[in-house]
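Peer 1: Below you'll find coords12.csv; it's CSV, C-alpha atoms and all ligand atoms.
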chain,number,residue,atom,x,y,z
W,2,MET,CA,22.5,-4.2,77.6
W,3,ASP,CA,22.7,-7.1,80.0
W,4,LYS,CA,25.3,-6.9,82.8
W,5,LYS,CA,27.0,-10.0,81.4
W,6,THR,CA,27.6,-8.1,78.1
W,7,LYS,CA,28.5,-4.9,79.8
W,8,LEU,CA,31.2,-6.6,81.9
W,9,ILE,CA,32.9,-7.7,78.7
W,10,HIS,CA,32.4,-4.5,76.8
W,11,PRO,CA,32.7,-1.8,79.6
W,12,LYS,CA,32.8,1.9,79.0
W,13,ARG,CA,36.4,2.7,78.5
W,14,VAL,CA,38.4,5.0,80.8
W,15,THR,CA,39.8,7.8,78.7
W,16,PHE,CA,41.9,10.8,79.5
W,17,SER,CA,40.7,14.4,79.6
W,18,GLY,CA,42.3,16.8,77.0
W,19,SER,CA,46.1,16.4,77.0
W,20,ASN,CA,46.2,14.5,80.3
W,21,ARG,CA,48.2,11.3,79.8
W,22,PRO,CA,50.4,8.8,81.7
W,23,LEU,CA,54.1,9.6,81.9
W,24,ILE,CA,54.9,5.9,81.7
W,25,ASP,CA,53.3,4.0,78.9
W,26,PRO,CA,51.0,1.1,79.9
W,27,ILE,CA,51.9,-2.5,79.2
W,28,TYR,CA,49.8,-3.4,76.1
W,29,ARG,CA,48.5,-6.8,77.1
W,30,SER,CA,45.9,-7.0,74.4
W,31,VAL,CA,46.5,-10.0,72.1
W,32,LYS,CA,44.1,-8.5,69.5
W,33,TYR,CA,43.9,-5.1,67.9
W,34,THR,CA,40.7,-3.9,66.1
W,35,PHE,CA,39.7,-1.1,63.9
W,36,ASP,CA,36.5,0.8,62.9
W,37,SER,CA,36.6,-0.2,59.2
W,38,LEU,CA,38.2,-3.1,57.5
W,39,GLU,CA,38.9,-1.0,54.4
W,40,GLU,CA,40.7,1.6,56.5
W,41,ALA,CA,42.6,-1.2,58.3
W,42,LEU,CA,43.8,-2.6,55.0
W,43,ALA,CA,45.0,0.7,53.8
W,44,ASP,CA,46.9,1.2,57.1
W,45,SER,CA,48.2,-2.3,57.6
W,46,HIS,CA,51.7,-1.5,56.1
W,47,ASN,CA,52.3,1.3,58.5
W,48,ASP,CA,54.9,0.7,61.3
W,49,ASN,CA,52.4,1.6,64.0
W,50,PHE,CA,49.6,-0.6,62.8
W,51,PHE,CA,48.9,-3.6,65.1
W,52,GLU,CA,46.8,-6.6,64.5
W,53,TYR,CA,47.9,-9.6,66.6
W,54,SER,CA,50.4,-9.6,69.4
W,55,ARG,CA,52.6,-12.5,68.1
W,56,ASP,CA,53.2,-10.4,64.9
W,57,LYS,CA,53.7,-7.1,66.6
W,58,ASN,CA,52.9,-5.5,70.0
W,59,PRO,CA,53.2,-1.8,70.9
W,60,THR,CA,55.2,-2.4,74.1
W,61,THR,CA,57.6,-4.8,72.3
W,62,PHE,CA,57.8,-2.3,69.4
W,63,GLN,CA,59.0,0.3,71.8
W,64,LEU,CA,61.6,-2.1,73.1
W,65,GLU,CA,62.7,-2.7,69.5
W,66,LYS,CA,63.0,1.0,68.7
W,67,SER,CA,65.0,1.7,71.9
W,68,CYS,CA,67.5,-1.2,71.2
W,69,ALA,CA,67.9,-0.3,67.5
W,70,GLU,CA,68.6,3.3,68.5
W,71,LEU,CA,71.3,2.2,71.1
W,72,GLN,CA,73.0,0.0,68.5
W,73,ASN,CA,72.7,2.7,65.8
W,74,ARG,CA,70.7,0.6,63.3
W,75,GLU,CA,67.4,1.0,61.5
W,76,CYS,CA,65.4,-1.6,63.2
W,77,ALA,CA,65.2,-4.6,65.5
W,78,VAL,CA,63.2,-7.7,66.1
W,79,ALA,CA,62.6,-8.6,69.8
W,80,THR,CA,62.2,-12.3,70.8
W,81,SER,CA,61.5,-14.3,73.9
W,82,SER,CA,65.2,-15.1,74.8
W,83,GLY,CA,68.7,-14.7,73.4
W,84,MET,CA,68.5,-18.2,72.1
W,85,SER,CA,65.3,-17.6,70.2
W,86,ALA,CA,66.9,-14.5,68.7
W,87,MET,CA,69.8,-16.6,67.5
W,88,TRP,CA,67.5,-19.2,66.0
W,89,ALA,CA,65.5,-16.6,64.1
W,90,ALA,CA,68.6,-14.9,62.8
W,91,ILE,CA,70.2,-18.2,61.7
W,92,LEU,CA,67.1,-19.8,60.1
W,93,ALA,CA,66.4,-16.7,58.1
W,94,ASN,CA,69.9,-16.9,56.6
W,95,ILE,CA,70.7,-20.5,55.8
W,96,GLU,CA,69.5,-23.3,53.7
W,97,SER,CA,70.2,-27.0,53.7
W,98,GLY,CA,73.7,-27.5,52.1
W,99,ASP,CA,75.0,-24.1,53.3
W,100,ARG,CA,78.0,-23.9,55.6
W,101,VAL,CA,78.1,-22.1,58.9
W,102,LEU,CA,81.4,-20.9,60.4
W,103,LEU,CA,81.5,-20.8,64.2
W,104,PHE,CA,84.0,-21.0,67.0
W,105,TYR,CA,85.0,-23.4,69.8
W,106,GLU,CA,85.1,-20.4,72.2
W,107,SER,CA,81.4,-19.5,71.7
W,108,TYR,CA,78.5,-19.7,74.1
W,109,ALA,CA,77.8,-23.5,74.5
W,110,PRO,CA,74.1,-23.5,73.5
W,111,THR,CA,74.9,-21.6,70.2
W,112,ARG,CA,77.7,-24.1,69.6
W,113,LYS,CA,75.3,-27.0,70.3
W,114,MET,CA,72.6,-25.5,68.1
W,115,VAL,CA,74.9,-25.5,65.0
W,116,ARG,CA,76.8,-28.7,65.7
W,117,GLN,CA,73.9,-30.9,66.9
W,118,LYS,CA,70.7,-29.4,65.7
W,119,LEU,CA,71.3,-27.6,62.4
W,120,SER,CA,73.5,-30.4,61.1
W,121,ARG,CA,70.5,-32.7,61.3
W,122,LEU,CA,68.8,-30.4,58.8
W,123,GLY,CA,71.6,-30.7,56.3
W,124,VAL,CA,73.5,-27.5,57.3
W,125,LYS,CA,77.2,-28.0,57.2
W,126,PHE,CA,79.5,-26.3,59.6
W,127,SER,CA,83.2,-25.5,60.2
W,128,ILE,CA,84.3,-24.9,63.8
W,129,VAL,CA,87.7,-23.4,64.4
W,130,SER,CA,89.4,-21.3,67.1
W,131,ILE,CA,88.6,-17.6,67.1
W,132,GLN,CA,92.2,-17.0,68.0
W,133,ASN,CA,93.6,-18.8,64.9
W,134,GLU,CA,93.5,-16.6,61.8
W,135,ALA,CA,94.9,-19.2,59.4
W,136,GLU,CA,92.0,-21.6,60.4
W,137,ILE,CA,89.5,-18.8,59.8
W,138,GLU,CA,90.9,-18.1,56.4
W,139,ASN,CA,91.0,-21.8,55.5
W,140,ALA,CA,87.3,-22.2,56.5
W,141,PHE,CA,86.3,-19.3,54.2
W,142,ALA,CA,88.4,-20.8,51.4
W,143,LEU,CA,86.1,-23.8,51.3
W,144,GLY,CA,83.9,-21.4,49.4
W,145,ASP,CA,80.5,-22.4,50.7
W,146,VAL,CA,80.4,-20.5,54.0
W,147,LYS,CA,77.0,-18.6,54.0
W,148,LEU,CA,76.9,-17.5,57.6
W,149,VAL,CA,79.5,-16.6,60.3
W,150,ILE,CA,78.4,-16.6,64.0
W,151,TYR,CA,80.7,-15.0,66.5
W,152,GLU,CA,80.8,-13.1,69.8
W,153,SER,CA,82.2,-9.7,70.5
W,154,LEU,CA,83.8,-11.0,73.7
W,155,THR,CA,83.6,-14.8,73.8
W,156,ASN,CA,81.6,-16.5,76.5
W,157,PRO,CA,83.1,-17.5,78.9
W,158,MET,CA,86.8,-16.7,78.3
W,159,LEU,CA,86.5,-13.1,76.9
W,160,PHE,CA,88.6,-13.5,73.8
W,161,ILE,CA,88.5,-10.6,71.3
W,162,PRO,CA,87.7,-11.5,67.7
W,163,ASN,CA,89.6,-10.2,64.7
W,164,HIS,CA,86.6,-8.3,63.3
W,165,ASP,CA,88.7,-6.8,60.5
W,166,LEU,CA,89.6,-10.2,59.2
W,167,ILE,CA,86.2,-11.9,59.7
W,168,ILE,CA,84.2,-9.0,58.1
W,169,LYS,CA,86.6,-8.7,55.2
W,170,LEU,CA,86.4,-12.4,54.4
W,171,ALA,CA,82.7,-12.5,54.9
W,172,LYS,CA,82.3,-9.7,52.3
W,173,LYS,CA,84.7,-11.4,49.9
W,174,TYR,CA,82.8,-14.7,50.1
W,175,HIS,CA,79.3,-13.2,50.3
W,176,ALA,CA,78.6,-14.6,53.7
W,177,LYS,CA,76.3,-12.9,56.3
W,178,THR,CA,77.6,-12.1,59.7
W,179,ILE,CA,75.9,-12.5,63.1
W,180,LEU,CA,77.7,-10.9,66.0
W,181,ASP,CA,76.4,-11.8,69.4
W,182,ASN,CA,77.2,-8.5,71.1
W,183,THR,CA,75.8,-9.5,74.5
W,184,PHE,CA,79.0,-9.1,76.5
W,185,LEU,CA,79.9,-5.6,75.1
W,186,GLY,CA,76.3,-4.3,75.3
W,187,LEU,CA,73.9,-2.5,73.1
W,188,HIS,CA,75.9,0.7,73.0
W,189,ASN,CA,79.2,-0.7,71.6
W,190,ASN,CA,80.7,-1.9,68.3
W,191,LEU,CA,78.4,0.6,66.5
W,192,GLU,CA,80.6,1.0,63.4
W,193,LEU,CA,81.2,-2.7,62.7
W,194,GLU,CA,79.9,-3.7,59.4
W,195,VAL,CA,78.2,-6.8,60.5
W,196,ASP,CA,74.8,-7.8,59.1
W,197,PHE,CA,73.1,-8.7,62.4
W,198,PHE,CA,73.7,-7.9,66.1
W,199,VAL,CA,72.2,-10.4,68.4
W,200,HIS,CA,71.8,-9.8,72.1
W,201,SER,CA,70.4,-11.7,75.1
W,202,LEU,CA,68.3,-8.9,76.7
W,203,THR,CA,68.1,-11.2,79.7
W,204,LYS,CA,71.6,-9.9,80.7
W,205,TYR,CA,72.7,-6.2,80.8
W,206,ALA,CA,69.6,-4.8,79.1
W,207,ASN,CA,67.1,-6.1,81.7
W,208,GLY,CA,69.8,-6.1,84.3
W,209,HIS,CA,67.7,-7.4,87.2
W,210,GLY,CA,67.4,-11.1,86.5
W,211,ASP,CA,63.6,-11.1,86.3
W,212,ALA,CA,62.8,-11.2,82.6
W,213,MET,CA,64.1,-13.0,79.6
W,214,GLY,CA,64.4,-11.6,76.1
W,215,GLY,CA,66.5,-11.4,73.0
W,216,ILE,CA,66.9,-9.1,70.0
W,217,ILE,CA,68.2,-9.1,66.5
W,218,ILE,CA,69.3,-5.6,65.3
W,219,GLY,CA,70.2,-4.6,61.7
W,220,ASP,CA,69.0,-2.9,58.6
W,221,LYS,CA,65.4,-3.0,57.5
W,222,GLU,CA,66.1,-5.1,54.4
W,223,ASN,CA,68.1,-7.7,56.4
W,224,LEU,CA,65.5,-7.9,59.1
W,225,ASN,CA,62.3,-8.5,57.1
W,226,GLN,CA,63.1,-12.2,56.7
W,227,VAL,CA,64.2,-12.5,60.4
W,228,ARG,CA,60.9,-11.0,61.6
W,229,ASP,CA,59.0,-13.5,59.4
W,230,TYR,CA,60.9,-16.4,61.1
W,231,ALA,CA,60.5,-15.0,64.6
W,232,VAL,CA,56.7,-14.6,64.1
W,233,SER,CA,56.4,-18.0,62.5
W,234,LEU,CA,58.3,-19.6,65.4
W,235,GLY,CA,56.1,-17.8,67.8
W,236,ALA,CA,59.3,-16.5,69.4
W,237,THR,CA,58.0,-13.0,70.2
W,238,PRO,CA,58.3,-11.9,73.8
W,239,ASP,CA,55.4,-11.5,76.3
W,240,PRO,CA,54.7,-7.7,76.6
W,241,GLU,CA,55.3,-8.0,80.4
W,242,ALA,CA,58.8,-9.1,79.7
W,243,SER,CA,59.3,-6.3,77.1
W,244,TYR,CA,58.1,-3.8,79.7
W,245,LEU,CA,60.5,-5.1,82.4
W,246,ILE,CA,63.4,-4.9,79.9
W,247,LEU,CA,62.4,-1.4,78.9
W,248,ARG,CA,62.4,-0.4,82.6
W,249,GLY,CA,65.8,-2.0,83.1
W,250,LEU,CA,67.2,-0.2,80.1
W,251,LYS,CA,66.6,3.2,81.8
W,252,THR,CA,69.5,2.4,84.2
W,253,TYR,CA,71.5,0.5,81.6
W,254,PHE,CA,74.4,3.0,81.1
W,255,VAL,CA,74.8,3.5,84.9
W,256,ARG,CA,74.9,-0.2,85.5
W,257,TYR,CA,77.3,-1.0,82.6
W,258,ASP,CA,79.6,1.8,83.8
W,259,ILE,CA,79.7,0.7,87.4
W,260,GLN,CA,80.0,-3.0,86.6
W,261,SER,CA,82.9,-2.3,84.2
W,262,ARG,CA,84.8,-0.2,86.7
W,263,THR,CA,84.3,-2.7,89.6
W,264,ALA,CA,85.4,-5.5,87.2
W,265,GLN,CA,88.6,-3.6,86.4
W,266,SER,CA,89.4,-3.3,90.2
W,267,ILE,CA,88.7,-7.0,90.6
W,268,VAL,CA,90.9,-7.8,87.7
W,269,ASN,CA,93.7,-5.8,89.3
W,270,PHE,CA,93.2,-7.7,92.6
W,271,LEU,CA,93.1,-11.1,91.0
W,272,SER,CA,96.1,-10.5,88.7
W,273,ASN,CA,98.2,-9.9,91.9
W,274,HIS,CA,96.9,-12.8,93.9
W,275,LYS,CA,99.3,-15.8,94.2
W,276,LYS,CA,96.6,-18.4,94.0
W,277,VAL,CA,95.3,-17.1,90.7
W,278,SER,CA,97.3,-18.4,87.8
W,279,LYS,CA,95.7,-16.5,84.9
W,280,VAL,CA,93.0,-13.8,84.5
W,281,TYR,CA,91.0,-13.5,81.3
W,282,TYR,CA,89.7,-9.9,80.8
W,283,PRO,CA,90.5,-7.5,77.9
W,284,GLY,CA,93.8,-5.7,78.5
W,285,LYS,CA,96.7,-4.3,76.5
W,286,GLU,CA,98.3,-7.7,76.0
W,287,SER,CA,95.2,-9.3,74.7
W,288,GLN,CA,95.1,-10.5,71.0
W,289,ASN,CA,93.1,-7.9,68.9
W,290,PHE,CA,93.0,-5.4,71.8
W,291,ASP,CA,93.7,-2.6,69.3
W,292,GLN,CA,90.4,-3.4,67.5
W,293,LEU,CA,88.4,-3.5,70.8
W,294,ILE,CA,89.8,-0.2,72.0
W,295,ARG,CA,88.7,1.5,68.8
W,296,HIS,CA,85.1,1.0,69.9
W,297,THR,CA,85.1,1.1,73.7
W,298,ASP,CA,87.3,1.5,76.8
W,299,GLN,CA,84.8,-0.4,79.0
W,300,PHE,CA,84.6,-4.1,78.8
W,301,GLY,CA,81.7,-5.1,81.1
W,302,GLY,CA,81.4,-7.1,84.3
W,303,ILE,CA,82.4,-10.6,83.2
W,304,ILE,CA,85.8,-11.9,84.3
W,305,SER,CA,87.2,-15.5,84.0
W,306,PHE,CA,90.3,-16.8,85.9
W,307,ASP,CA,92.2,-20.0,86.4
W,308,LEU,CA,92.9,-21.5,89.8
W,309,ASP,CA,95.5,-24.2,90.0
W,310,VAL,CA,93.0,-26.6,91.6
W,311,SER,CA,91.0,-29.7,90.8
W,312,GLU,CA,87.3,-29.4,89.8
W,313,LYS,CA,86.2,-30.5,93.2
W,314,GLU,CA,88.3,-27.8,94.9
W,315,LEU,CA,86.9,-25.3,92.4
W,316,PHE,CA,83.4,-26.2,93.5
W,317,LYS,CA,84.4,-25.6,97.1
W,318,PHE,CA,85.7,-22.2,96.1
W,319,CYS,CA,82.4,-21.3,94.6
W,320,ASP,CA,80.5,-22.7,97.6
W,321,ASN,CA,82.7,-20.6,100.0
W,322,LEU,CA,81.8,-17.3,98.3
W,323,ASN,CA,79.2,-15.5,100.3
W,324,ILE,CA,78.2,-12.6,98.0
W,325,PHE,CA,78.9,-14.1,94.6
W,326,THR,CA,76.1,-16.6,94.1
W,327,THR,CA,76.5,-19.8,92.1
W,328,ALA,CA,74.3,-19.4,89.0
W,329,ALA,CA,74.7,-19.5,85.2
W,330,SER,CA,73.6,-16.0,84.2
W,331,LEU,CA,75.4,-12.6,83.9
W,332,GLY,CA,74.9,-8.9,83.6
W,333,SER,CA,72.5,-8.5,86.5
W,334,VAL,CA,72.7,-6.5,89.7
W,335,GLU,CA,73.7,-9.5,91.8
W,336,SER,CA,77.3,-10.9,91.4
W,337,LEU,CA,77.4,-14.5,90.2
W,338,VAL,CA,80.0,-17.2,90.0
W,339,SER,CA,80.0,-20.2,87.5
W,340,PRO,CA,82.5,-23.0,87.3
W,341,ALA,CA,83.4,-22.8,83.6
W,342,LYS,CA,83.8,-26.4,82.5
W,343,LEU,CA,80.6,-27.6,84.3
W,344,PHE,CA,78.4,-24.7,83.1
W,345,PHE,CA,79.9,-23.9,79.6
W,346,GLY,CA,82.0,-26.8,78.4
W,347,LYS,CA,80.1,-30.0,78.9
W,348,ASP,CA,79.8,-30.6,75.1
W,349,LEU,CA,83.5,-30.0,74.5
W,350,LYS,CA,86.1,-32.9,74.2
W,351,ALA,CA,89.4,-32.6,76.1
W,352,GLU,CA,91.3,-31.1,73.1
W,353,GLU,CA,88.4,-28.7,72.4
W,354,LEU,CA,88.4,-27.5,76.1
W,355,ALA,CA,92.1,-26.9,75.7
W,356,ILE,CA,91.5,-24.7,72.6
W,357,ALA,CA,88.8,-22.8,74.5
W,358,SER,CA,91.2,-22.4,77.5
W,359,ILE,CA,88.7,-24.0,79.9
W,360,GLY,CA,90.4,-26.0,82.6
W,361,SER,CA,89.2,-27.8,85.6
W,362,GLY,CA,90.1,-24.8,87.8
W,363,THR,CA,88.6,-22.1,85.4
W,364,VAL,CA,85.8,-20.0,86.9
W,365,ARG,CA,83.7,-17.2,85.4
W,366,ILE,CA,82.3,-14.4,87.6
W,367,SER,CA,79.8,-11.7,86.7
W,368,VAL,CA,80.2,-8.5,88.7
W,369,GLY,CA,77.0,-7.0,90.0
W,370,MET,CA,76.2,-3.6,91.7
W,371,GLU,CA,77.4,-4.5,95.2
W,372,SER,CA,80.3,-2.5,96.8
W,373,GLU,CA,83.7,-3.1,95.2
W,374,ASP,CA,85.4,-3.6,98.6
W,375,ASP,CA,82.8,-6.2,99.7
W,376,LEU,CA,83.3,-8.2,96.4
W,377,ILE,CA,87.0,-8.1,96.7
W,378,SER,CA,86.9,-9.2,100.4
W,379,ASP,CA,84.6,-12.1,99.4
W,380,LEU,CA,86.9,-13.3,96.7
W,381,SER,CA,89.9,-12.9,99.1
W,382,GLN,CA,88.4,-15.0,101.9
W,383,ALA,CA,87.4,-17.8,99.5
W,384,LEU,CA,90.9,-17.8,97.9
W,385,ASP,CA,92.4,-17.9,101.4
W,386,GLN,CA,90.5,-21.1,102.1
W,387,LEU,CA,92.0,-22.9,99.1
O,401,LIG,C1,76.7,-14.6,74.9
O,401,LIG,C2,75.3,-15.1,75.1
O,401,LIG,N1,74.5,-15.2,74.1
O,401,LIG,C3,73.3,-15.7,74.2
O,401,LIG,C4,72.8,-16.1,75.4
O,401,LIG,C5,71.4,-16.7,75.5
O,401,LIG,O1,70.6,-15.9,76.1
O,401,LIG,P1,69.2,-16.3,76.8
O,401,LIG,O2,69.6,-17.0,78.0
O,401,LIG,O3,68.5,-15.0,77.0
O,401,LIG,O4,68.5,-17.2,75.8
O,401,LIG,C6,73.6,-16.0,76.5
O,401,LIG,C7,73.2,-16.5,77.8
O,401,LIG,O5,73.9,-16.6,78.8
O,401,LIG,C8,74.9,-15.5,76.4
O,401,LIG,O6,75.8,-15.4,77.4
Just give me the structure as structure tokens.
Peer 2:
Amino acid sequence: MDKKTKLIHPKRVTFSGSNRPLIDPIYRSVKYTFDSLEEALADSHNDNFFEYSRDKNPTTFQLEKSCAELQNRECAVATSSGMSAMWAAILANIESGDRVLLFYESYAPTRKMVRQKLSRLGVKFSIVSIQNEAEIENAFALGDVKLVIYESLTNPMLFIPNHDLIIKLAKKYHAKTILDNTFLGLHNNLELEVDFFVHSLTKYANGHGDAMGGIIIGDKENLNQVRDYAVSLGATPDPEASYLILRGLKTYFVRYDIQSRTAQSIVNFLSNHKKVSKVYYPGKESQNFDQLIRHTDQFGGIISFDLDVSEKELFKFCDNLNIFTTAASLGSVESLVSPAKLFFGKDLKAEELAIASIGSGTVRISVGMESEDDLISDLSQALDQL
């Protein structure tokens, strides 16, 4: 054989006997082959049969299995980002003429997807406040809601939904439910009878701010159609990203635990500070706290709070922080700060901002893995400068 051919078809490195790597390799191969086409056809329905990386990849499949296990569900479909996960979940469950129910308090790109993009395809929507039960009931009473999209703690203001009400009404009216569970993490809300959990894996799952991913988790039957859409959209993740997220997941519980504890100490500090007019973080007085506490006593590392200042002064406050870095993400090892209106409320009108409780002095922070004392000192010095 010529060297040119040998270079492309080299002798494979194999392992001797039971010798094997402790950490799985990243399966970069786009294509998967077989010795016999007949054998391949017979095997092609098996879970561990691979053909083409956009359809299925062993590294990504491992990520899907780990996430489904954490969320106590049968299976999962991983995607290239939280938003592509949301698109695949939504497209698989609506048709032109259907109505989607969503909430003013939701993550802005999800809100924009439904209000601005799906409506162009003939999908109707009702948008109400997650805090207003009468409005939720009225929306369902329209009779054509086919899909409800909501968040386990809303981004950015951390409101707790009334799961009991939403799930009961969704069942009554035969609507599917998508719960974006990113803020409470893959290990929480296990017993909720929602059809789909969606997560941005870019956040707590990866935890290091160096890979993007998303996932839809649910029962096999519900997920077949979702996988079909994810594959057709080409929204599957690169195996390198799947690997990084799998690596991040190994320290997931430790990080979520420390970030939740540090956040609680920061909430205590902010609640007693005279320049902070209101803190938004789950607590005994929060609406629907009884439902949250049934599932978890840790609420993650995101906190929002109001300062009685103009937007310009709020920007200065963000700039004056030394450890908290101004950036729009969350759930990573570095602590971040985001002015809420600028980063999450640009699409909302004044009255909608008021419903969502986002004011000119509202700020969201994401607590990382730095020392609690350093983070509190940093906030303290920036508050003193106001
Ligand atoms: C609650 C929530 N859902 C979905 C997303 C979208 O995730 P991604 O940025 O991975 O697309 C985000 C991103 O911040 C988020 O906070």
Peer 1: Looking at all atoms listed in the file, which of W:Lys285, W:His46, W:Lys177, W:Arg112 is the one that sits closest to ligand LIG 401 (chain O)?
Peer 2: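 Among the listed residues, W:Arg112 lies closest to ligand LIG 401 (chain O).
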Peer 1: Have a look at W:Gln117, W:Ser67, W:Thr111, W:Thr363 and name the one nearest to Ala90 in chain W; count only C-alpha atoms.
Peer 2: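 Counting only C-alpha atoms, the residue closest to Ala90 in chain W is W:Thr111.
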Peer 1: Output the neighbourhood of ligand LIG 401 (chain O) as an MDAnalysis selection string, that is, all protein and nucleic acid residues with some atom at most 6 Å from the ligand, counting all atoms listed in the file.
Peer 2: chainID W and resid 82:84 108 156 183 201 203 213:215 330
Peer 1: Using all atoms listed in the file, can you tell me which of W:Leu102, W:Val334, W:Val78, W:Ile359 comes closest to Pro238 in chain W?
Peer 2: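 Closest residue, counting all atoms listed in the file: W:Val78.
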Peer 1: Counting only C-alpha atoms, which residue out of W:Val149, W:Asp385, W:Asn321, W:Tyr33 sits closest to Ser45 in chain W?
Peer 2: W:Tyr33
Peer 1: Would you please work out which residue, of W:Val277, W:Leu271, W:Ile167, W:Val101, is nearest to Ile377 in chain W when using all atoms listed in the file?
Peer 2: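 Going through W:Val277, W:Leu271, W:Ile167, W:Val101 one by one, the smallest distance to Ile377 in chain W is for W:Leu271.
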Peer 1: Return the single residue from W:Ile131, W:Leu103, W:Ala355, W:Gly360 that is closest to Ser311 in chain W, with distances computed using only C-alpha atoms.
Peer 2: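 Ranking W:Ile131, W:Leu103, W:Ala355, W:Gly360 by distance to Ser311 in chain W, first place goes to W:Gly360.
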Peer 1: Could you list, as an MDAnalysis selection string, every residue within 10 Å of range 335-349 of chain W, counting only C-alpha atoms and ignoring same-chain residues fewer than 4 positions away?
Peer 2: chainID W and resid 105:110 112:113 156:158 208:210 260 302:307 312 315:316 318:320 322 324:331 353:371 376
Peer 1: Just give me the gap between CA of Glu65 in chain W and CA of Ile150 in chain W in Å, one decimal is fine.
Peer 2: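 Computing it gives 21.7 Å between the two atoms.
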Peer 1: At what distance in Å, to one decimal, does CA of His296 in chain W lie from CA of Lys279 in chain W?
Peer 2: 25.4 Å
Peer 1: Using only C-alpha atoms, can you list as a PyMOL selection string the residues within 10 Å of (77.0, -3.6, 73.7)?
Peer 2: chain W and resi 71-72+153+181-191+198-200+205-206+257+297+299-301
Peer 1: Excluding same-chain residues fewer than 2 positions from Asp56 in chain W, what lies within 10 Å of it counting only C-alpha atoms, as an MDAnalysis selection string?
Peer 2: chainID W and resid 31 51:54 58 228:229 231:233 235:237
Peer 1: State, in Å with one decimal place, the distance from CA of Thr60 in chain W to CA of Ser19 in chain W.
Peer 2: 21.1 Å
Peer 1: Around the point (83.5, -13.6, 57.2) (coordinates from the file), which residues reach within 10 Å if we count only C-alpha atoms? Answer as a list in words.
Peer 2: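 Selection result: Leu102, Ile137, Glu138, Ala140, Phe141, Val146, Lys147, Leu148, Val149, Ile150, Tyr151, His164, Asp165, Leu166, Ile167, Ile168, Lys169, Leu170, Ala171, Lys172, Lys173, Tyr174, His175, Ala176, Lys177, Thr178, Ile179 and Val195 of chain W.
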Peer 1: If you keep C-alpha atoms, can you produce a file of those selected residues as a compact mmCIF listing (two decimals), in the frame of the given file?
Peer 2:
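Okay, this is what ended up in selection01.txt:
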# COMPACT_ATOMS: atom_id res chain seq x y z
CA LEU W 102 81.40 -20.90 60.40
CA ILE W 137 89.50 -18.80 59.80
CA GLU W 138 90.90 -18.10 56.40
CA ALA W 140 87.30 -22.20 56.50
CA PHE W 141 86.30 -19.30 54.20
CA VAL W 146 80.40 -20.50 54.00
CA LYS W 147 77.00 -18.60 54.00
CA LEU W 148 76.90 -17.50 57.60
CA VAL W 149 79.50 -16.60 60.30
CA ILE W 150 78.40 -16.60 64.00
CA TYR W 151 80.70 -15.00 66.50
CA HIS W 164 86.60 -8.30 63.30
CA ASP W 165 88.70 -6.80 60.50
CA LEU W 166 89.60 -10.20 59.20
CA ILE W 167 86.20 -11.90 59.70
CA ILE W 168 84.20 -9.00 58.10
CA LYS W 169 86.60 -8.70 55.20
CA LEU W 170 86.40 -12.40 54.40
CA ALA W 171 82.70 -12.50 54.90
CA LYS W 172 82.30 -9.70 52.30
CA LYS W 173 84.70 -11.40 49.90
CA TYR W 174 82.80 -14.70 50.10
CA HIS W 175 79.30 -13.20 50.30
CA ALA W 176 78.60 -14.60 53.70
CA LYS W 177 76.30 -12.90 56.30
CA THR W 178 77.60 -12.10 59.70
CA ILE W 179 75.90 -12.50 63.10
CA VAL W 195 78.20 -6.80 60.50
Peer 1: Which residues, written as a list in words, have at least one atom at most 8 Å from Ala93 in chain W, with all atoms listed in the file counted and residues fewer than 6 positions away on the same chain left out?
Peer 2: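 Here the answer would be Gln226, Val227 and Tyr230 of chain W.
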Peer 1: Quick one: write out the picked residues with C-alpha atoms as a compact mmCIF listing (two decimals), in the frame of the given file?
Peer 2:
# COMPACT_ATOMS: atom_id res chain seq x y z
CA GLN W 226 63.10 -12.20 56.70
CA VAL W 227 64.20 -12.50 60.40
CA TYR W 230 60.90 -16.40 61.10
